[in-house]
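Next comes model25.cif, a file with mmCIF, C-alpha atoms.
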data_structure
#
loop_
_atom_site.group_PDB
_atom_site.id
_atom_site.type_symbol
_atom_site.label_atom_id
_atom_site.label_comp_id
_atom_site.auth_asym_id
_atom_site.auth_seq_id
_atom_site.Cartn_x
_atom_site.Cartn_y
_atom_site.Cartn_z
ATOM 1 C CA MET A 230 17.160 19.426 6.653
ATOM 2 C CA ALA A 231 14.114 21.480 5.694
ATOM 3 C CA TYR A 232 15.992 23.213 2.899
ATOM 4 C CA SER A 233 17.290 19.947 1.460
ATOM 5 C CA SER A 234 13.845 18.358 1.748
ATOM 6 C CA THR A 235 12.343 21.188 -0.284
ATOM 7 C CA SER A 236 15.028 21.137 -3.010
ATOM 8 C CA ARG A 237 16.667 24.340 -1.814
ATOM 9 C CA GLN A 238 20.163 22.896 -2.240
ATOM 10 C CA ASP A 239 22.178 26.105 -2.042
ATOM 11 C CA GLU A 240 20.558 27.074 1.247
ATOM 12 C CA ALA A 241 20.987 23.530 2.602
ATOM 13 C CA ALA A 242 24.686 23.617 1.711
ATOM 14 C CA ALA A 243 25.062 27.009 3.391
ATOM 15 C CA GLU A 244 23.445 25.663 6.562
ATOM 16 C CA ARG A 245 25.706 22.613 6.447
ATOM 17 C CA ASP A 246 28.743 24.881 6.152
ATOM 18 C CA ALA A 247 27.482 26.926 9.111
ATOM 19 C CA LEU A 248 26.994 23.729 11.133
ATOM 20 C CA VAL A 249 30.545 22.619 10.341
ATOM 21 C CA ALA A 250 31.948 26.020 11.349
ATOM 22 C CA GLU A 251 29.978 26.069 14.605
ATOM 23 C CA THR A 252 30.984 22.483 15.403
ATOM 24 C CA GLN A 253 34.670 23.262 14.851
ATOM 25 C CA ALA A 254 34.354 26.252 17.214
ATOM 26 C CA ILE A 255 33.250 23.992 20.079
ATOM 27 C CA PRO A 256 36.144 23.105 22.379
ATOM 28 C CA ALA A 257 37.186 19.479 21.857
ATOM 29 C CA GLU A 258 36.536 18.574 25.509
ATOM 30 C CA THR A 259 32.911 19.796 25.452
ATOM 31 C CA MET A 260 30.505 16.970 26.121
ATOM 32 C CA LEU A 261 26.946 16.449 24.969
ATOM 33 C CA GLY A 262 25.603 13.846 27.355
ATOM 34 C CA PHE A 263 28.235 11.115 27.575
ATOM 35 C CA ASN A 264 29.784 11.938 24.213
ATOM 36 C CA PRO A 265 32.017 14.656 22.834
ATOM 37 C CA ALA A 266 29.770 17.316 21.295
ATOM 38 C CA ARG A 267 31.784 17.315 18.079
ATOM 39 C CA GLN A 268 31.312 13.559 17.680
ATOM 40 C CA THR A 269 27.557 13.836 18.089
ATOM 41 C CA LEU A 270 27.239 16.897 15.847
ATOM 42 C CA ASP A 271 29.237 15.113 13.148
ATOM 43 C CA ILE A 272 26.294 12.735 12.848
ATOM 44 C CA ALA A 273 24.075 15.769 12.228
ATOM 45 C CA ARG A 274 26.417 16.891 9.448
ATOM 46 C CA LEU A 275 26.396 13.442 7.858
ATOM 47 C CA MET A 276 22.610 13.211 8.062
ATOM 48 C CA LEU A 277 22.294 16.616 6.394
ATOM 49 C CA GLU A 278 24.778 15.746 3.644
ATOM 50 C CA ALA A 279 22.930 12.490 3.007
ATOM 51 C CA ASN A 280 19.601 14.321 2.841
ATOM 52 C CA ILE A 281 21.047 16.770 0.313
ATOM 53 C CA ALA A 282 22.216 13.856 -1.850
ATOM 54 C CA ARG A 283 18.872 12.084 -1.396
ATOM 55 C CA SER A 284 16.946 15.153 -2.546
ATOM 56 C CA ARG A 285 19.059 15.128 -5.735
ATOM 57 C CA LYS A 286 18.103 11.434 -6.090
ATOM 58 C CA ASP A 287 21.783 10.508 -5.741
ATOM 59 C CA TYR A 288 20.891 7.452 -3.719
ATOM 60 C CA LYS A 289 24.320 5.853 -3.973
ATOM 61 C CA GLN A 290 26.055 8.854 -2.399
ATOM 62 C CA SER A 291 23.292 9.247 0.164
ATOM 63 C CA ALA A 292 23.604 5.579 1.168
ATOM 64 C CA GLU A 293 27.388 5.865 1.515
ATOM 65 C CA ILE A 294 27.043 8.902 3.773
ATOM 66 C CA LEU A 295 24.261 7.328 5.831
ATOM 67 C CA SER A 296 26.405 4.219 6.336
ATOM 68 C CA LYS A 297 29.058 6.490 7.850
ATOM 69 C CA ALA A 298 26.395 8.154 10.011
ATOM 70 C CA ALA A 299 25.230 4.744 11.265
ATOM 71 C CA GLN A 300 28.813 3.801 12.132
ATOM 72 C CA ALA A 301 29.241 7.135 13.926
ATOM 73 C CA GLU A 302 26.025 6.525 15.867
ATOM 74 C CA ASP A 303 27.280 3.050 16.822
ATOM 75 C CA ALA A 304 30.473 4.645 18.168
ATOM 76 C CA LEU A 305 28.563 6.854 20.620
ATOM 77 C CA ASN A 306 28.625 5.935 24.272
ATOM 78 C CA TYR A 307 25.349 4.594 25.581
ATOM 79 C CA ASP A 308 23.104 7.153 27.224
ATOM 80 C CA GLU A 309 19.429 7.157 28.104
ATOM 81 C CA PRO A 310 17.893 8.961 26.380
ATOM 82 C CA PRO A 311 20.387 8.683 23.541
ATOM 83 C CA ASP A 312 22.528 11.702 22.680
ATOM 84 C CA TRP A 313 21.444 11.386 19.030
ATOM 85 C CA TYR A 314 17.750 10.832 18.265
ATOM 86 C CA MET A 315 17.474 10.367 14.485
ATOM 87 C CA PRO A 316 18.448 6.763 13.686
ATOM 88 C CA PRO A 317 20.527 6.917 10.486
ATOM 89 C CA ARG A 318 19.587 3.350 9.617
ATOM 90 C CA GLU A 319 15.942 4.323 9.092
ATOM 91 C CA SER A 320 17.028 6.822 6.447
ATOM 92 C CA LEU A 321 19.611 4.417 5.017
ATOM 93 C CA GLY A 322 16.971 1.719 4.596
ATOM 94 C CA ALA A 323 14.627 4.164 2.880
ATOM 95 C CA VAL A 324 17.375 5.338 0.501
ATOM 96 C CA LEU A 325 18.328 1.778 -0.403
ATOM 97 C CA PHE A 326 14.652 0.987 -0.967
ATOM 98 C CA ALA A 327 14.256 4.052 -3.226
ATOM 99 C CA ASP A 328 17.303 2.838 -5.162
ATOM 100 C CA GLY A 329 15.635 -0.531 -5.795
ATOM 101 C CA ARG A 330 17.894 -2.379 -3.347
ATOM 102 C CA GLU A 331 15.138 -3.941 -1.254
ATOM 103 C CA ALA A 332 17.224 -6.851 0.072
ATOM 104 C CA ASP A 333 19.949 -4.469 1.273
ATOM 105 C CA ALA A 334 17.296 -2.233 2.820
ATOM 106 C CA GLU A 335 15.791 -5.261 4.569
ATOM 107 C CA SER A 336 19.170 -5.990 6.184
ATOM 108 C CA VAL A 337 19.490 -2.390 7.354
ATOM 109 C CA PHE A 338 16.017 -2.331 8.898
ATOM 110 C CA ARG A 339 16.745 -5.629 10.644
ATOM 111 C CA ALA A 340 19.951 -4.103 12.066
ATOM 112 C CA GLU A 341 17.964 -1.090 13.273
ATOM 113 C CA LEU A 342 15.495 -3.419 14.984
ATOM 114 C CA ARG A 343 18.340 -5.224 16.739
ATOM 115 C CA ALA A 344 19.490 -1.859 18.103
ATOM 116 C CA HIS A 345 15.972 -0.543 18.798
ATOM 117 C CA PRO A 346 13.555 -3.479 19.160
ATOM 118 C CA LYS A 347 9.956 -2.864 18.112
ATOM 119 C CA ASN A 348 10.797 0.531 16.569
ATOM 120 C CA PRO A 349 7.595 1.097 14.559
ATOM 121 C CA ARG A 350 9.345 3.134 11.877
ATOM 122 C CA ALA A 351 11.861 0.327 11.296
ATOM 123 C CA LEU A 352 9.062 -2.246 11.334
ATOM 124 C CA PHE A 353 7.260 -0.216 8.677
ATOM 125 C CA GLY A 354 10.384 -0.070 6.502
ATOM 126 C CA LEU A 355 11.027 -3.777 6.942
ATOM 127 C CA SER A 356 7.426 -4.578 6.032
ATOM 128 C CA GLU A 357 7.678 -2.509 2.845
ATOM 129 C CA CYS A 358 10.942 -4.231 1.889
ATOM 130 C CA LEU A 359 9.512 -7.683 2.465
ATOM 131 C CA SER A 360 6.413 -6.841 0.421
ATOM 132 C CA ALA A 361 8.520 -5.517 -2.437
ATOM 133 C CA GLN A 362 10.472 -8.783 -2.468
ATOM 134 C CA GLY A 363 7.304 -10.867 -2.563
ATOM 135 C CA LYS A 364 7.742 -12.217 0.982
ATOM 136 C CA LYS A 365 4.041 -11.782 1.672
ATOM 137 C CA ASP A 366 3.615 -13.923 4.809
ATOM 138 C CA GLU A 367 6.589 -12.431 6.594
ATOM 139 C CA ALA A 368 5.578 -8.931 5.447
ATOM 140 C CA ALA A 369 2.093 -9.426 6.901
ATOM 141 C CA LYS A 370 3.512 -10.511 10.257
ATOM 142 C CA VAL A 371 5.855 -7.517 10.433
ATOM 143 C CA ARG A 372 3.062 -5.208 9.244
ATOM 144 C CA SER A 373 0.934 -6.423 12.147
ATOM 145 C CA GLU A 374 3.752 -5.599 14.587
ATOM 146 C CA PHE A 375 4.074 -2.153 13.002
ATOM 147 C CA GLU A 376 0.336 -1.486 13.245
ATOM 148 C CA ALA A 377 0.322 -2.457 16.920
ATOM 149 C CA GLY A 378 3.120 0.015 17.608
ATOM 150 C CA TRP A 379 1.660 2.761 15.415
ATOM 151 C CA LYS A 380 -2.013 2.459 16.381
ATOM 152 C CA TYR A 381 -2.098 5.754 18.286
ATOM 153 C CA ALA A 382 -0.169 7.756 15.697
ATOM 154 C CA ASP A 383 -2.044 10.515 13.915
ATOM 155 C CA VAL A 384 -0.035 10.340 10.680
ATOM 156 C CA LYS A 385 0.211 7.788 7.899
ATOM 157 C CA LEU A 386 3.828 6.726 7.506
ATOM 158 C CA THR A 387 5.528 6.430 4.097
ATOM 159 C CA MET A 388 9.037 5.411 3.112
ATOM 160 C CA ALA A 389 9.767 9.037 2.216
ATOM 161 C CA ASP A 390 9.214 9.902 5.898
ATOM 162 C CA LEU A 391 12.175 7.781 6.970
#
Let me see whether you can do it: turn the structure in this file into structure tokens.
Amino acid sequence: MAYSSTSRQDEAAAERDALVAETQAIPAETMLGFNPARQTLDIARLMLEANIARSRKDYKQSAEILSKAAQAEDALNYDEPPDWYMPPRESLGAVLFADGREADAESVFRAELRAHPKNPRALFGLSECLSAQGKKDEAAKVRSEFEAGWKYADVKLTMADL
């Protein structure tokens, strides 16, 4: 992820290939929490591939891959804490937003909030989408919810962080 986030595409692709090879070497019956390890690590592969596409500003491809990652996350068995920690929908919403598809991004952030209520990162994304669409009153309400959940954070969140 670091390589793709710093435009080092060849190295990111090499790491993705290594991840795929390592994942395939794991016996099929190996579990990671309540889920097959391969199933969980496939989400990691999808997230990395989407990040590579996102760093090339290929938002359409990134969104398609992140949609698959979100579906794969939905297919995981419930576990507490979850077996996969990086919600693909946060990244999907940010990619759709970057592509100028604010209404689609709004829907994605709302879906993330149904799955993870009061998630400050999703509230932030939703607030940005609403603002971009001129839904000022609703954006202000959601922004207030975000600020309440983010008040102890020591970083300023941006859409690029999602």
Considering all atoms listed in the file, return as a PDB file with C-alpha atoms, keeping the file's coordinate frame whatever protein or nucleic-acid residues lie within 10 Å of Ile281 (chain A), sequence-local ones (same chain, fewer than 5 positions apart) excluded.
ATOM      1  CA  MET A 230      17.160  19.426   6.653  1.00  0.00           C
ATOM      2  CA  ALA A 231      14.114  21.480   5.694  1.00  0.00           C
ATOM      3  CA  TYR A 232      15.992  23.213   2.899  1.00  0.00           C
ATOM      4  CA  SER A 233      17.290  19.947   1.460  1.00  0.00           C
ATOM      5  CA  SER A 234      13.845  18.358   1.748  1.00  0.00           C
ATOM      6  CA  THR A 235      12.343  21.188  -0.284  1.00  0.00           C
ATOM      7  CA  SER A 236      15.028  21.137  -3.010  1.00  0.00           C
ATOM      8  CA  ARG A 237      16.667  24.340  -1.814  1.00  0.00           C
ATOM      9  CA  GLN A 238      20.163  22.896  -2.240  1.00  0.00           C
ATOM     10  CA  ASP A 239      22.178  26.105  -2.042  1.00  0.00           C
ATOM     11  CA  ALA A 241      20.987  23.530   2.602  1.00  0.00           C
ATOM     12  CA  ALA A 242      24.686  23.617   1.711  1.00  0.00           C
ATOM     13  CA  ARG A 245      25.706  22.613   6.447  1.00  0.00           C
ATOM     14  CA  LEU A 275      26.396  13.442   7.858  1.00  0.00           C
ATOM     15  CA  MET A 276      22.610  13.211   8.062  1.00  0.00           C
ATOM     16  CA  LYS A 286      18.103  11.434  -6.090  1.00  0.00           C
ATOM     17  CA  ASP A 287      21.783  10.508  -5.741  1.00  0.00           C
ATOM     18  CA  GLN A 290      26.055   8.854  -2.399  1.00  0.00           C
ATOM     19  CA  SER A 291      23.292   9.247   0.164  1.00  0.00           C
TER      20      SER A 291
END
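Taking all atoms listed in the file into account, Lys289 (chain A) lies nearest to A:Ala323 out of the set A:Ala382, A:Glu240, A:Ala332, A:Ala323.
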So which residues fall inside 10 Å of (15.2, 4.9, -5.8) if we count all atoms listed in the file? Mind giving them as a ChimeraX atom specification?
/A:283,286-289,323-331
Could you list, as a JSON list (two decimals) with C-alpha atoms, in the coordinates of the input, every residue matched by the PyMOL selection byres ((chain A and resi 342) around 12) in this structure?
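Listing of selection.json after writing:
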[["chain", "number", "residue", "atom", "x", "y", "z"],
["A", 316, "PRO", "CA", 18.45, 6.76, 13.69],
["A", 318, "ARG", "CA", 19.59, 3.35, 9.62],
["A", 319, "GLU", "CA", 15.94, 4.32, 9.09],
["A", 322, "GLY", "CA", 16.97, 1.72, 4.60],
["A", 335, "GLU", "CA", 15.79, -5.26, 4.57],
["A", 336, "SER", "CA", 19.17, -5.99, 6.18],
["A", 337, "VAL", "CA", 19.49, -2.39, 7.35],
["A", 338, "PHE", "CA", 16.02, -2.33, 8.90],
["A", 339, "ARG", "CA", 16.74, -5.63, 10.64],
["A", 340, "ALA", "CA", 19.95, -4.10, 12.07],
["A", 341, "GLU", "CA", 17.96, -1.09, 13.27],
["A", 343, "ARG", "CA", 18.34, -5.22, 16.74],
["A", 344, "ALA", "CA", 19.49, -1.86, 18.10],
["A", 345, "HIS", "CA", 15.97, -0.54, 18.80],
["A", 346, "PRO", "CA", 13.56, -3.48, 19.16],
["A", 347, "LYS", "CA", 9.96, -2.86, 18.11],
["A", 348, "ASN", "CA", 10.80, 0.53, 16.57],
["A", 349, "PRO", "CA", 7.60, 1.10, 14.56],
["A", 350, "ARG", "CA", 9.35, 3.13, 11.88],
["A", 351, "ALA", "CA", 11.86, 0.33, 11.30],
["A", 352, "LEU", "CA", 9.06, -2.25, 11.33],
["A", 353, "PHE", "CA", 7.26, -0.22, 8.68],
["A", 354, "GLY", "CA", 10.38, -0.07, 6.50],
["A", 355, "LEU", "CA", 11.03, -3.78, 6.94],
["A", 371, "VAL", "CA", 5.86, -7.52, 10.43],
["A", 374, "GLU", "CA", 3.75, -5.60, 14.59],
["A", 375, "PHE", "CA", 4.07, -2.15, 13.00]]
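When CA of Gln253 (chain A) is paired with CA of Arg274 (chain A), their separation reads 11.7 Å.
In this comparison, which uses all atoms listed in the file, the residue of A:Met315, A:Ile255, A:Ala304, A:Ala369 approaching Ala273 (chain A) most closely is A:Met315.
Interatomic distance, CA of Thr387 (chain A) against CA of Thr269 (chain A): 27.1 Å.
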Give the padded box for region 268-285 of chain A as JSON: axis-aligned, covering all atoms listed in the file, 6 Å on each side, centre and edge lengths in Å to one decimal.
{"center_x": 24.1, "center_y": 14.5, "center_z": 6.2, "size_x": 26.4, "size_y": 16.8, "size_z": 35.8}
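Take CA of Trp379 (chain A) and CA of Asp308 (chain A): the distance between them is 24.9 Å.
For the set A:Gly363, A:Asn280, A:Glu258, A:Leu305, the residue with the smallest atom-to-atom gap to Ala292 (chain A) is A:Asn280, counting all atoms listed in the file.
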Leaving out Ser296 (chain A) and any residue of its chain fewer than 2 positions from it, which residues lie within 8 Å of it when counting all atoms listed in the file, given as a PyMOL selection string?
chain A and resi 292-294+298-300+317-318+321
Check the smallest atom-to-atom distance from each of A:Ala389, A:Ala334, A:Cys358, A:Glu251 to Ser284 (chain A) using only C-alpha atoms, then report the winner.
A:Ala389
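Residue nearest Leu270 (chain A), chosen from A:Ala368, A:Ala377, A:Ala257, A:Ala361 and counting all atoms listed in the file: A:Ala257.
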Expand the PyMOL selection byres ((chain A and resi 306) around 12) into the explicit residue set it covers here, and present it as a compact mmCIF listing (two decimals) with C-alpha atoms, in the coordinates of the input.
# COMPACT_ATOMS: atom_id res chain seq x y z
CA MET A 260 30.50 16.97 26.12
CA LEU A 261 26.95 16.45 24.97
CA GLY A 262 25.60 13.85 27.36
CA PHE A 263 28.24 11.12 27.58
CA ASN A 264 29.78 11.94 24.21
CA PRO A 265 32.02 14.66 22.83
CA ALA A 266 29.77 17.32 21.30
CA GLN A 268 31.31 13.56 17.68
CA THR A 269 27.56 13.84 18.09
CA ALA A 301 29.24 7.14 13.93
CA GLU A 302 26.02 6.52 15.87
CA ASP A 303 27.28 3.05 16.82
CA ALA A 304 30.47 4.64 18.17
CA LEU A 305 28.56 6.85 20.62
CA TYR A 307 25.35 4.59 25.58
CA ASP A 308 23.10 7.15 27.22
CA GLU A 309 19.43 7.16 28.10
CA PRO A 310 17.89 8.96 26.38
CA PRO A 311 20.39 8.68 23.54
CA ASP A 312 22.53 11.70 22.68
CA TRP A 313 21.44 11.39 19.03
